[in-house]
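*Asks:* Below is the file entry.pdb, with PDB, C-alpha atoms.
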```
ATOM      1  CA  MET W   1      89.645 -84.337 -64.953
ATOM      2  CA  THR W   2      90.760 -83.647 -61.401
ATOM      3  CA  ARG W   3      87.585 -81.672 -60.697
ATOM      4  CA  GLN W   4      85.523 -84.699 -61.700
ATOM      5  CA  ILE W   5      87.317 -86.690 -59.017
ATOM      6  CA  LEU W   6      87.699 -83.998 -56.360
ATOM      7  CA  ASN W   7      84.141 -82.657 -56.424
ATOM      8  CA  PRO W   8      82.494 -85.926 -55.302
ATOM      9  CA  LEU W   9      85.222 -86.543 -52.731
ATOM     10  CA  ILE W  10      84.769 -83.087 -51.237
ATOM     11  CA  ALA W  11      80.973 -83.370 -51.318
ATOM     12  CA  PHE W  12      81.191 -86.721 -49.515
ATOM     13  CA  GLY W  13      83.965 -85.685 -47.148
ATOM     14  CA  ILE W  14      82.443 -82.516 -45.718
ATOM     15  CA  PRO W  15      79.271 -84.113 -44.247
ATOM     16  CA  VAL W  16      81.290 -87.092 -42.976
ATOM     17  CA  LEU W  17      83.859 -84.776 -41.395
ATOM     18  CA  LEU W  18      81.098 -82.783 -39.711
ATOM     19  CA  ALA W  19      79.669 -86.034 -38.345
ATOM     20  CA  LEU W  20      83.068 -87.172 -37.110
ATOM     21  CA  LEU W  21      83.512 -83.820 -35.353
ATOM     22  CA  ASP W  22      80.193 -84.460 -33.540
ATOM     23  CA  ILE W  23      78.376 -81.574 -35.223
ATOM     24  CA  THR W  24      75.505 -83.922 -36.056
ATOM     25  CA  LYS W  25      75.221 -84.877 -32.386
ATOM     26  CA  ALA W  26      74.994 -81.206 -31.488
ATOM     27  CA  LEU W  27      72.228 -80.795 -34.071
ATOM     28  CA  GLY W  28      70.228 -83.695 -32.657
ATOM     29  CA  ALA W  29      71.397 -86.980 -34.147
ATOM     30  CA  HIS W  30      71.470 -89.966 -31.822
ATOM     31  CA  ILE W  31      74.845 -90.686 -30.268
ATOM     32  CA  TRP W  32      74.895 -94.296 -31.510
ATOM     33  CA  TRP W  33      74.207 -93.703 -35.182
ATOM     34  CA  ASP W  34      75.155 -90.111 -35.932
ATOM     35  CA  VAL W  35      78.058 -90.987 -38.246
ATOM     36  CA  THR W  36      76.381 -94.075 -39.696
ATOM     37  CA  THR W  37      73.405 -92.134 -41.018
ATOM     38  CA  ILE W  38      75.677 -89.678 -42.801
ATOM     39  CA  LEU W  39      77.743 -92.526 -44.243
ATOM     40  CA  ILE W  40      74.544 -94.046 -45.629
ATOM     41  CA  GLY W  41      72.964 -90.829 -46.879
ATOM     42  CA  ALA W  42      75.923 -88.977 -48.378
ATOM     43  CA  PRO W  43      76.635 -91.432 -51.236
ATOM     44  CA  ILE W  44      72.938 -91.578 -52.097
ATOM     45  CA  GLY W  45      72.689 -87.788 -52.205
ATOM     46  CA  LEU W  46      75.863 -87.613 -54.222
ATOM     47  CA  LEU W  47      74.501 -90.021 -56.811
ATOM     48  CA  VAL W  48      71.154 -88.215 -57.042
ATOM     49  CA  SER W  49      72.895 -84.852 -57.345
ATOM     50  CA  PHE W  50      75.139 -86.178 -60.106
ATOM     51  CA  LEU W  51      72.124 -87.472 -62.031
ATOM     52  CA  ILE W  52      70.210 -84.217 -61.563
ATOM     53  CA  ALA W  53      73.221 -82.181 -62.692
ATOM     54  CA  GLN W  54      73.477 -84.268 -65.874
ATOM     55  CA  LYS W  55      69.847 -83.663 -66.826
ATOM     56  CA  TRP W  56      69.137 -80.251 -65.296
ATOM     57  CA  ASP W  57      71.721 -77.593 -66.045
ATOM     58  CA  ALA W  58      69.979 -74.707 -64.256
ATOM     59  CA  TYR W  59      72.340 -74.014 -61.355
ATOM     60  CA  VAL W  60      70.040 -71.795 -59.302
ATOM     61  CA  LYS W  61      67.102 -74.177 -59.577
ATOM     62  CA  ARG W  62      69.277 -77.092 -58.430
ATOM     63  CA  MET W  63      70.428 -75.082 -55.425
ATOM     64  CA  ILE W  64      66.873 -74.134 -54.475
ATOM     65  CA  LEU W  65      65.786 -77.759 -54.850
ATOM     66  CA  TRP W  66      68.583 -79.039 -52.569
ATOM     67  CA  LEU W  67      67.978 -76.303 -49.983
ATOM     68  CA  ILE W  68      64.279 -77.161 -49.812
ATOM     69  CA  LEU W  69      65.022 -80.890 -49.576
ATOM     70  CA  LEU W  70      67.625 -80.271 -46.869
ATOM     71  CA  ALA W  71      65.161 -78.203 -44.854
ATOM     72  CA  LEU W  72      62.471 -80.888 -45.193
ATOM     73  CA  ALA W  73      64.880 -83.676 -44.213
ATOM     74  CA  PHE W  74      66.148 -81.798 -41.165
ATOM     75  CA  THR W  75      62.576 -80.945 -40.157
ATOM     76  CA  ALA W  76      61.607 -84.628 -40.361
ATOM     77  CA  ALA W  77      64.635 -85.567 -38.268
ATOM     78  CA  LYS W  78      63.878 -82.963 -35.592
ATOM     79  CA  TYR W  79      60.207 -83.909 -35.512
ATOM     80  CA  GLY W  80      61.150 -87.549 -35.062
ATOM     81  CA  GLN W  81      63.615 -86.689 -32.328
ATOM     82  CA  THR W  82      61.188 -84.606 -30.295
ATOM     83  CA  ALA W  83      58.271 -87.020 -30.730
ATOM     84  CA  PHE W  84      60.469 -90.010 -29.846
ATOM     85  CA  ALA W  85      61.787 -88.286 -26.745
ATOM     86  CA  ALA W  86      58.303 -87.150 -25.721
ATOM     87  CA  SER W  87      57.044 -90.727 -25.925
ATOM     88  CA  TYR W  88      59.947 -91.983 -23.753
ATOM     89  CA  GLY W  89      61.090 -94.208 -26.616
ATOM     90  CA  ASP W  90      57.754 -95.907 -27.292
ATOM     91  CA  ASP W  91      56.848 -94.241 -30.597
ATOM     92  CA  ALA W  92      58.492 -96.404 -33.264
ATOM     93  CA  MET W  93      57.253 -94.191 -36.110
ATOM     94  CA  ALA W  94      58.929 -91.154 -34.548
ATOM     95  CA  GLY W  95      62.143 -93.121 -34.192
ATOM     96  CA  THR W  96      61.923 -94.042 -37.856
ATOM     97  CA  PHE W  97      61.456 -90.387 -38.819
ATOM     98  CA  TRP W  98      64.436 -89.482 -36.662
ATOM     99  CA  TYR W  99      66.717 -92.118 -38.204
ATOM    100  CA  PHE W 100      65.687 -91.747 -41.840
ATOM    101  CA  GLY W 101      65.486 -87.974 -41.449
ATOM    102  CA  TRP W 102      69.172 -87.961 -40.631
ATOM    103  CA  ILE W 103      69.961 -90.238 -43.562
ATOM    104  CA  ALA W 104      68.089 -87.798 -45.812
ATOM    105  CA  THR W 105      69.858 -84.841 -44.176
ATOM    106  CA  GLY W 106      73.244 -86.388 -44.945
ATOM    107  CA  GLY W 107      72.166 -87.084 -48.502
ATOM    108  CA  CYS W 108      70.814 -83.599 -49.059
ATOM    109  CA  ALA W 109      73.916 -82.007 -47.552
ATOM    110  CA  ALA W 110      76.168 -83.986 -49.905
ATOM    111  CA  GLY W 111      73.890 -83.191 -52.838
ATOM    112  CA  LEU W 112      73.899 -79.495 -52.015
ATOM    113  CA  ILE W 113      77.677 -79.384 -51.708
ATOM    114  CA  TYR W 114      78.127 -81.283 -54.975
ATOM    115  CA  SER W 115      75.760 -78.878 -56.736
ATOM    116  CA  LEU W 116      77.720 -75.942 -55.324
ATOM    117  CA  LEU W 117      80.941 -77.371 -56.671
ATOM    118  CA  LYS W 118      79.419 -78.377 -60.028
ATOM    119  CA  ARG W 119      78.227 -74.959 -61.167
TER     120      ARG W 119
END
```
Mind turning the file's structure into structure tokens?
*Replies:*
Amino acid sequence: MTRQILNPLIAFGIPVLLALLDITKALGAHIWWDVTTILIGAPIGLLVSFLIAQKWDAYVKRMILWLILLALAFTAAKYGQTAFAASYGDDAMAGTFWYFGWIATGGCAAGLIYSLLKR
């Protein structure tokens, strides 16, 4: 019973703690919304990971899925960051990729951690 409570709390807490320690800023998140994006994305990723774990019991396949999604989300965020900076803040689509890429990165990080704990 305690694992059912602790696993989601740990999976949510680790990405939020990394954001609060400014690790996300060091990786390229904007200084105004670095924690906010993780706070939005982590519960979503946690919910999706819980639903996937209920339907798909293959541990290794879940891990590969979350690693691929995390890499794609971080790539979208970095692409958005570089394109937004190169356009001197004029490219709204790049800014959207940057922002939502970090939301997806937070979600995928929480999902990956939950899947690690749920094996």
*Asks:* Determine, counting all atoms listed in the file, which protein, DNA and RNA residues have an atom within 9 Å of an atom of range 59-61 of chain W; residues of the same chain fewer than 4 positions away are not included. Present the result as a PyMOL selection string.
*Replies:* chain W and resi 53+65-66+115-116+118-119
*Asks:* So, with all atoms listed in the file as the atoms that count, which of W:Lys78, W:Ala110, W:Ser87, W:Leu51 lies closest to Lys25 in chain W?
*Replies:* W:Lys78
*Asks:* Have a look at CA of Phe50 in chain W and CA of Val16 in chain W and let me know their distance in Å, one decimal.
*Replies:* 18.2 Å
*Asks:* Tell me which of W:Ser49, W:Thr105, W:Thr82, W:Thr37 sits closest to Pro8 in chain W, counting only C-alpha atoms.
*Replies:*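 That would be W:Ser49, the residue with the smallest distance to Pro8 in chain W.
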*Asks:* Using the chain letters and numbers from the file, give me the residues hit by the PyMOL selection byres ((chain W and resi 96-104) around 10), as a PyMOL selection string.
*Replies:* chain W and resi 24+28-30+33-42+44-45+69-70+72-84+91-95+105-110
*Asks:* Check the smallest atom-to-atom distance from each of W:Ile64, W:Ile113, W:Ala58, W:Ile31 to Gly13 in chain W using only C-alpha atoms, then report the winner.
*Replies:* W:Ile113
*Asks:* Can you measure CA of Ala11 in chain W to CA of Gly111 in chain W for me? One decimal in Å is fine.
*Replies:*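 These two atoms are separated by 7.2 Å.
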*Asks:* Pick out the closest residue to Pro43 in chain W from this set: W:Tyr114, W:Tyr88, W:Trp56, W:Phe12. Count only C-alpha atoms.
*Replies:*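 Under the stated criterion, the closest residue is W:Phe12.
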*Asks:* Measure the distance from CA of Asn7 in chain W to CA of Leu47 in chain W in Å and round it to one decimal.
*Replies:*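 Going from CA of Asn7 in chain W over to CA of Leu47 in chain W covers 12.1 Å.
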*Asks:* Mind giving me the axis-aligned box for range 8-16 of chain W with 8 Å on every side, centre plus edges in Å to one decimal, as JSON?
*Replies:*
```
{"center_x": 82.2, "center_y": -84.8, "center_z": -49.1, "size_x": 22.0, "size_y": 20.6, "size_z": 28.3}
```
